[in-house]
Amino acid sequence: MMATGPEDDLPTLAARGDHLGVLRYIRAHKLREPKMVVAHGKLLLGASTKPDGSMAMGGGRRLGEVERLAALEQLCMASLDVGEIKLAEACLDALGAGDPDSPVTKESARYRKLLGLCLEASGDFAGAEGVYDALLKDNPSNAHASKRKYCVLAAQPGQEEEARKALNDYLASHPGDVAAWNAMAEVCLSVSDFKGAAYCYEEVVLGCPLDSTVHTKLGEAYCTAGGLANAKLARKHLAQAVQLDPGNLRAWYGLIAAAEGYLDEVERLGKGKKEAEEEGVEVAKELIKFGGERLVQFYKGSEMRGIVEKMLKEAGESL
């Protein structure tokens, strides 16, 4: 095998057929290249199809044990990513057929992690959940098992409550996982829990403060939740969204809707409280006017422009 140096890049390694180098490079740089991993991994490990249609690994004997196990795990994950279930199962069989002293045995967490994924891919959700429950029993802080248990439950109709509980349990022990907070926000939206969704998106904003889309979703959640305080928060985040990405059409529409929602909330206030919001009312009216002008510019030369102008005109007449 050729040694890979710091000057070698992925195209160079692939062009010269350095299959081990390709897999090493992808692992080291944490790239998601499942098709490339499958192509080079099959050649490196000698994957072949049996007469019954299943697959087996017949190569990789010249590799060290640590390198062989790493390649098998990498190929198993990539195979699942591209839907080659039989290849993934062959990798799993090769991993489980090692010596009892091997770092990867059928009782090891590394093996059972892949076993759970293969069971999920084959549609055996009960089996996968059992694997993850066993992993969590051994180690309650196992983040992978907690997340996969949620995914298994979320994939099954009628398990929505159990899935939400599983995700909530995961977030209780891993509050810094931005992707999990985003998933919980989507779950809240699916049951019309807009205040809960707003709370979750606030956590997402902490991890992605410069993401216009996240600010847009947070503003929409506040706007839909209703109330004067929420209308103000909606306006703030939607204004932030258009500042971060002036081409975010959804945020411009949301900003106008949030400003109109704020004006509606002010109308419901008593005389004294309404006077305290006079400055905010003027700001909201200007935002509607400014947002409308920007939207019309976006649709310049389009058939939609007339429809948008009519809509904005009707909204302006109601102010």
# chains A, B, ... in the order shown; residues from 1 in each chain; ligands from 1
call {"tool": "residues_around", "arguments": {"residues": "Gly98 in chain A", "least_positions_apart": "3", "cutoff": "12 Å", "atoms": "only C-alpha atoms", "output": "PDB file with all heavy atoms, in the first residue's frame"}}
result
ATOM      1  N   GLU A  65      -5.053  -5.290  11.787  1.00  0.00           N
ATOM      2  CA  GLU A  65      -6.375  -5.536  12.350  1.00  0.00           C
ATOM      3  C   GLU A  65      -7.138  -4.236  12.598  1.00  0.00           C
ATOM      4  O   GLU A  65      -8.326  -4.134  12.289  1.00  0.00           O
ATOM      5  CB  GLU A  65      -6.240  -6.325  13.663  1.00  0.00           C
ATOM      6  CG  GLU A  65      -7.553  -6.690  14.334  1.00  0.00           C
ATOM      7  CD  GLU A  65      -8.398  -7.681  13.538  1.00  0.00           C
ATOM      8  OE1 GLU A  65      -7.943  -8.148  12.459  1.00  0.00           O
ATOM      9  OE2 GLU A  65      -9.509  -8.002  13.978  1.00  0.00           O
ATOM     10  N   VAL A  66      -6.463  -3.240  13.127  1.00  0.00           N
ATOM     11  CA  VAL A  66      -7.124  -1.964  13.416  1.00  0.00           C
ATOM     12  C   VAL A  66      -7.607  -1.303  12.125  1.00  0.00           C
ATOM     13  O   VAL A  66      -8.737  -0.805  12.046  1.00  0.00           O
ATOM     14  CB  VAL A  66      -6.172  -1.019  14.174  1.00  0.00           C
ATOM     15  CG1 VAL A  66      -6.797   0.373  14.315  1.00  0.00           C
ATOM     16  CG2 VAL A  66      -5.840  -1.574  15.548  1.00  0.00           C
ATOM     17  N   ARG A  68      -8.242  -2.809   9.238  1.00  0.00           N
ATOM     18  CA  ARG A  68      -9.301  -3.626   8.634  1.00  0.00           C
ATOM     19  C   ARG A  68     -10.645  -3.362   9.297  1.00  0.00           C
ATOM     20  O   ARG A  68     -11.678  -3.206   8.623  1.00  0.00           O
ATOM     21  CB  ARG A  68      -8.948  -5.107   8.754  1.00  0.00           C
ATOM     22  CG  ARG A  68      -9.919  -6.045   8.023  1.00  0.00           C
ATOM     23  CD  ARG A  68      -9.535  -7.490   8.249  1.00  0.00           C
ATOM     24  NE  ARG A  68      -9.885  -7.904   9.592  1.00  0.00           N
ATOM     25  CZ  ARG A  68     -11.082  -8.387   9.950  1.00  0.00           C
ATOM     26  NH1 ARG A  68     -12.034  -8.510   9.041  1.00  0.00           N
ATOM     27  NH2 ARG A  68     -11.301  -8.765  11.187  1.00  0.00           N
ATOM     28  N   LEU A  69     -10.654  -3.296  10.621  1.00  0.00           N
ATOM     29  CA  LEU A  69     -11.906  -3.057  11.344  1.00  0.00           C
ATOM     30  C   LEU A  69     -12.461  -1.665  11.029  1.00  0.00           C
ATOM     31  O   LEU A  69     -13.659  -1.492  10.833  1.00  0.00           O
ATOM     32  CB  LEU A  69     -11.677  -3.194  12.850  1.00  0.00           C
ATOM     33  CG  LEU A  69     -11.344  -4.603  13.356  1.00  0.00           C
ATOM     34  CD1 LEU A  69     -11.002  -4.567  14.838  1.00  0.00           C
ATOM     35  CD2 LEU A  69     -12.498  -5.551  13.104  1.00  0.00           C
ATOM     36  N   LEU A  72     -13.985  -1.767   7.568  1.00  0.00           N
ATOM     37  CA  LEU A  72     -15.262  -2.483   7.569  1.00  0.00           C
ATOM     38  C   LEU A  72     -16.385  -1.623   8.152  1.00  0.00           C
ATOM     39  O   LEU A  72     -17.493  -1.570   7.614  1.00  0.00           O
ATOM     40  CB  LEU A  72     -15.134  -3.789   8.371  1.00  0.00           C
ATOM     41  CG  LEU A  72     -14.461  -4.962   7.659  1.00  0.00           C
ATOM     42  CD1 LEU A  72     -14.155  -6.082   8.645  1.00  0.00           C
ATOM     43  CD2 LEU A  72     -15.337  -5.481   6.524  1.00  0.00           C
ATOM     44  N   CYS A  91     -20.491  -6.672   5.788  1.00  0.00           N
ATOM     45  CA  CYS A  91     -19.504  -5.999   6.640  1.00  0.00           C
ATOM     46  C   CYS A  91     -19.732  -6.355   8.107  1.00  0.00           C
ATOM     47  O   CYS A  91     -18.785  -6.612   8.859  1.00  0.00           O
ATOM     48  CB  CYS A  91     -19.582  -4.486   6.446  1.00  0.00           C
ATOM     49  SG  CYS A  91     -19.101  -3.888   4.821  1.00  0.00           S
ATOM     50  N   LEU A  92     -20.992  -6.369   8.485  1.00  0.00           N
ATOM     51  CA  LEU A  92     -21.339  -6.688   9.869  1.00  0.00           C
ATOM     52  C   LEU A  92     -20.935  -8.127  10.205  1.00  0.00           C
ATOM     53  O   LEU A  92     -20.402  -8.396  11.290  1.00  0.00           O
ATOM     54  CB  LEU A  92     -22.845  -6.493  10.072  1.00  0.00           C
ATOM     55  CG  LEU A  92     -23.351  -6.465  11.516  1.00  0.00           C
ATOM     56  CD1 LEU A  92     -22.777  -5.277  12.265  1.00  0.00           C
ATOM     57  CD2 LEU A  92     -24.873  -6.405  11.539  1.00  0.00           C
ATOM     58  N   ASP A  93     -21.195  -9.041   9.281  1.00  0.00           N
ATOM     59  CA  ASP A  93     -20.800 -10.438   9.497  1.00  0.00           C
ATOM     60  C   ASP A  93     -19.283 -10.558   9.642  1.00  0.00           C
ATOM     61  O   ASP A  93     -18.792 -11.316  10.491  1.00  0.00           O
ATOM     62  CB  ASP A  93     -21.269 -11.309   8.323  1.00  0.00           C
ATOM     63  CG  ASP A  93     -22.783 -11.468   8.286  1.00  0.00           C
ATOM     64  OD1 ASP A  93     -23.424 -11.234   9.335  1.00  0.00           O
ATOM     65  OD2 ASP A  93     -23.315 -11.809   7.204  1.00  0.00           O
ATOM     66  N   ALA A  94     -18.551  -9.833   8.815  1.00  0.00           N
ATOM     67  CA  ALA A  94     -17.086  -9.883   8.885  1.00  0.00           C
ATOM     68  C   ALA A  94     -16.583  -9.323  10.215  1.00  0.00           C
ATOM     69  O   ALA A  94     -15.627  -9.835  10.798  1.00  0.00           O
ATOM     70  CB  ALA A  94     -16.481  -9.098   7.717  1.00  0.00           C
ATOM     71  N   LEU A  95     -17.241  -8.280  10.702  1.00  0.00           N
ATOM     72  CA  LEU A  95     -16.866  -7.693  11.989  1.00  0.00           C
ATOM     73  C   LEU A  95     -17.142  -8.669  13.132  1.00  0.00           C
ATOM     74  O   LEU A  95     -16.360  -8.784  14.079  1.00  0.00           O
ATOM     75  CB  LEU A  95     -17.626  -6.390  12.222  1.00  0.00           C
ATOM     76  CG  LEU A  95     -17.168  -5.171  11.421  1.00  0.00           C
ATOM     77  CD1 LEU A  95     -18.223  -4.071  11.476  1.00  0.00           C
ATOM     78  CD2 LEU A  95     -15.842  -4.655  11.970  1.00  0.00           C
ATOM     79  N   ASP A 101     -10.541 -11.849  21.147  1.00  0.00           N
ATOM     80  CA  ASP A 101      -9.692 -10.775  21.670  1.00  0.00           C
ATOM     81  C   ASP A 101      -9.746  -9.519  20.807  1.00  0.00           C
ATOM     82  O   ASP A 101      -9.093  -8.518  21.118  1.00  0.00           O
ATOM     83  CB  ASP A 101      -8.243 -11.251  21.767  1.00  0.00           C
ATOM     84  CG  ASP A 101      -8.083 -12.399  22.755  1.00  0.00           C
ATOM     85  OD1 ASP A 101      -8.882 -12.449  23.713  1.00  0.00           O
ATOM     86  OD2 ASP A 101      -7.181 -13.232  22.561  1.00  0.00           O
ATOM     87  N   SER A 102     -10.502  -9.568  19.709  1.00  0.00           N
ATOM     88  CA  SER A 102     -10.596  -8.416  18.813  1.00  0.00           C
ATOM     89  C   SER A 102     -11.325  -7.266  19.512  1.00  0.00           C
ATOM     90  O   SER A 102     -12.215  -7.498  20.345  1.00  0.00           O
ATOM     91  CB  SER A 102     -11.359  -8.814  17.546  1.00  0.00           C
ATOM     92  OG  SER A 102     -11.652  -7.683  16.761  1.00  0.00           O
ATOM     93  N   PRO A 103     -10.949  -6.020  19.200  1.00  0.00           N
ATOM     94  CA  PRO A 103     -11.653  -4.876  19.813  1.00  0.00           C
ATOM     95  C   PRO A 103     -13.110  -4.767  19.383  1.00  0.00           C
ATOM     96  O   PRO A 103     -13.890  -4.063  20.010  1.00  0.00           O
ATOM     97  CB  PRO A 103     -10.849  -3.664  19.347  1.00  0.00           C
ATOM     98  CG  PRO A 103     -10.057  -4.131  18.174  1.00  0.00           C
ATOM     99  CD  PRO A 103      -9.821  -5.587  18.358  1.00  0.00           C
ATOM    100  N   VAL A 104     -13.487  -5.446  18.293  1.00  0.00           N
ATOM    101  CA  VAL A 104     -14.877  -5.440  17.833  1.00  0.00           C
ATOM    102  C   VAL A 104     -15.397  -6.875  17.841  1.00  0.00           C
ATOM    103  O   VAL A 104     -15.004  -7.695  17.014  1.00  0.00           O
ATOM    104  CB  VAL A 104     -15.021  -4.840  16.415  1.00  0.00           C
ATOM    105  CG1 VAL A 104     -16.487  -4.842  15.989  1.00  0.00           C
ATOM    106  CG2 VAL A 104     -14.464  -3.432  16.361  1.00  0.00           C
ATOM    107  N   THR A 105     -16.262  -7.180  18.804  1.00  0.00           N
ATOM    108  CA  THR A 105     -16.930  -8.482  18.879  1.00  0.00           C
ATOM    109  C   THR A 105     -18.432  -8.244  18.886  1.00  0.00           C
ATOM    110  O   THR A 105     -18.887  -7.093  18.957  1.00  0.00           O
ATOM    111  CB  THR A 105     -16.528  -9.235  20.158  1.00  0.00           C
ATOM    112  OG1 THR A 105     -16.989  -8.487  21.300  1.00  0.00           O
ATOM    113  CG2 THR A 105     -15.024  -9.415  20.245  1.00  0.00           C
ATOM    114  N   LYS A 106     -19.197  -9.325  18.835  1.00  0.00           N
ATOM    115  CA  LYS A 106     -20.650  -9.174  18.808  1.00  0.00           C
ATOM    116  C   LYS A 106     -21.184  -8.556  20.086  1.00  0.00           C
ATOM    117  O   LYS A 106     -22.318  -8.050  20.105  1.00  0.00           O
ATOM    118  CB  LYS A 106     -21.309 -10.530  18.570  1.00  0.00           C
ATOM    119  CG  LYS A 106     -21.124 -11.043  17.151  1.00  0.00           C
ATOM    120  CD  LYS A 106     -21.925 -12.298  16.896  1.00  0.00           C
ATOM    121  CE  LYS A 106     -21.801 -12.732  15.433  1.00  0.00           C
ATOM    122  NZ  LYS A 106     -22.603 -13.948  15.140  1.00  0.00           N
ATOM    123  N   GLU A 107     -20.413  -8.566  21.162  1.00  0.00           N
ATOM    124  CA  GLU A 107     -20.855  -7.972  22.425  1.00  0.00           C
ATOM    125  C   GLU A 107     -20.396  -6.518  22.569  1.00  0.00           C
ATOM    126  O   GLU A 107     -20.827  -5.821  23.482  1.00  0.00           O
ATOM    127  CB  GLU A 107     -20.321  -8.779  23.623  1.00  0.00           C
ATOM    128  CG  GLU A 107     -20.950 -10.148  23.803  1.00  0.00           C
ATOM    129  CD  GLU A 107     -20.497 -11.140  22.755  1.00  0.00           C
ATOM    130  OE1 GLU A 107     -19.315 -11.064  22.340  1.00  0.00           O
ATOM    131  OE2 GLU A 107     -21.312 -11.986  22.331  1.00  0.00           O
ATOM    132  N   SER A 108     -19.534  -6.058  21.659  1.00  0.00           N
ATOM    133  CA  SER A 108     -18.987  -4.710  21.776  1.00  0.00           C
ATOM    134  C   SER A 108     -19.999  -3.660  21.336  1.00  0.00           C
ATOM    135  O   SER A 108     -20.893  -3.918  20.524  1.00  0.00           O
ATOM    136  CB  SER A 108     -17.722  -4.575  20.921  1.00  0.00           C
ATOM    137  OG  SER A 108     -18.050  -4.677  19.542  1.00  0.00           O
ATOM    138  N   TYR A 111     -19.946  -2.921  17.519  1.00  0.00           N
ATOM    139  CA  TYR A 111     -20.684  -3.870  16.689  1.00  0.00           C
ATOM    140  C   TYR A 111     -22.188  -3.652  16.820  1.00  0.00           C
ATOM    141  O   TYR A 111     -22.920  -3.618  15.823  1.00  0.00           O
ATOM    142  CB  TYR A 111     -20.320  -5.301  17.096  1.00  0.00           C
ATOM    143  CG  TYR A 111     -21.102  -6.364  16.333  1.00  0.00           C
ATOM    144  CD1 TYR A 111     -20.634  -6.848  15.119  1.00  0.00           C
ATOM    145  CD2 TYR A 111     -22.311  -6.862  16.826  1.00  0.00           C
ATOM    146  CE1 TYR A 111     -21.341  -7.807  14.410  1.00  0.00           C
ATOM    147  CE2 TYR A 111     -23.024  -7.817  16.117  1.00  0.00           C
ATOM    148  CZ  TYR A 111     -22.542  -8.283  14.919  1.00  0.00           C
ATOM    149  OH  TYR A 111     -23.254  -9.221  14.210  1.00  0.00           O
TER     150      TYR A 111
END
call {"tool": "select_by_dssp", "arguments": {"residues": "range 35-173 of chain A", "states": "helix (DSSP H, G or I)", "output": "PyMOL selection string"}}
result
chain A and resi 35-45+65-82+85-96+109-121+125-138+143-154+160-173
call {"tool": "residues_around", "arguments": {"residues": "Phe194 in chain A", "least_positions_apart": "6", "cutoff": "8 Å", "atoms": "only C-alpha atoms", "output": "PDB file with N, CA and C atoms, in the first residue's frame"}}
result
ATOM      1  N   CYS A 188     -42.850  19.836  17.841  1.00  0.00           N
ATOM      2  CA  CYS A 188     -43.797  20.769  18.475  1.00  0.00           C
ATOM      3  C   CYS A 188     -44.728  21.387  17.437  1.00  0.00           C
ATOM      4  N   ALA A 221     -42.883  31.128  14.504  1.00  0.00           N
ATOM      5  CA  ALA A 221     -43.446  30.440  15.667  1.00  0.00           C
ATOM      6  C   ALA A 221     -44.011  31.451  16.663  1.00  0.00           C
ATOM      7  N   TYR A 222     -43.260  32.524  16.914  1.00  0.00           N
ATOM      8  CA  TYR A 222     -43.747  33.566  17.826  1.00  0.00           C
ATOM      9  C   TYR A 222     -44.998  34.240  17.266  1.00  0.00           C
ATOM     10  N   THR A 224     -47.232  33.044  15.211  1.00  0.00           N
ATOM     11  CA  THR A 224     -48.389  32.151  15.250  1.00  0.00           C
ATOM     12  C   THR A 224     -48.876  31.929  16.672  1.00  0.00           C
ATOM     13  N   ALA A 225     -47.963  31.964  17.643  1.00  0.00           N
ATOM     14  CA  ALA A 225     -48.348  31.767  19.051  1.00  0.00           C
ATOM     15  C   ALA A 225     -49.294  32.862  19.526  1.00  0.00           C
TER      16      ALA A 225
END
call {"tool": "atom_distance", "arguments": {"atom1": "CA of Cys76 in chain A", "atom2": "CA of Cys118 in chain A"}}
result
8.7 Å
call {"tool": "residues_around", "arguments": {"residues": "Leu206 in chain A", "least_positions_apart": "5", "cutoff": "12 Å", "atoms": "only C-alpha atoms", "output": "PDB file with C-alpha atoms, in the first residue's frame"}}
result
ATOM      1  CA  PRO A 175     -28.737  20.044  25.822  1.00  0.00           C
ATOM      2  CA  GLY A 176     -26.031  21.284  23.464  1.00  0.00           C
ATOM      3  CA  ASP A 177     -27.201  19.269  20.446  1.00  0.00           C
ATOM      4  CA  VAL A 178     -28.529  21.905  18.042  1.00  0.00           C
ATOM      5  CA  ALA A 179     -29.833  19.349  15.543  1.00  0.00           C
ATOM      6  CA  TRP A 181     -33.428  20.999  19.310  1.00  0.00           C
ATOM      7  CA  ASN A 182     -34.339  21.609  15.675  1.00  0.00           C
ATOM      8  CA  TYR A 199     -38.448  27.723  22.867  1.00  0.00           C
ATOM      9  CA  CYS A 200     -36.679  25.049  20.811  1.00  0.00           C
ATOM     10  CA  TYR A 201     -35.756  27.446  18.020  1.00  0.00           C
ATOM     11  CA  ASP A 211     -28.613  31.516  10.134  1.00  0.00           C
ATOM     12  CA  VAL A 214     -33.567  29.701  11.797  1.00  0.00           C
ATOM     13  CA  HIS A 215     -34.482  33.300  12.689  1.00  0.00           C
ATOM     14  CA  LEU A 218     -38.414  31.347  15.191  1.00  0.00           C
TER      15      LEU A 218
END
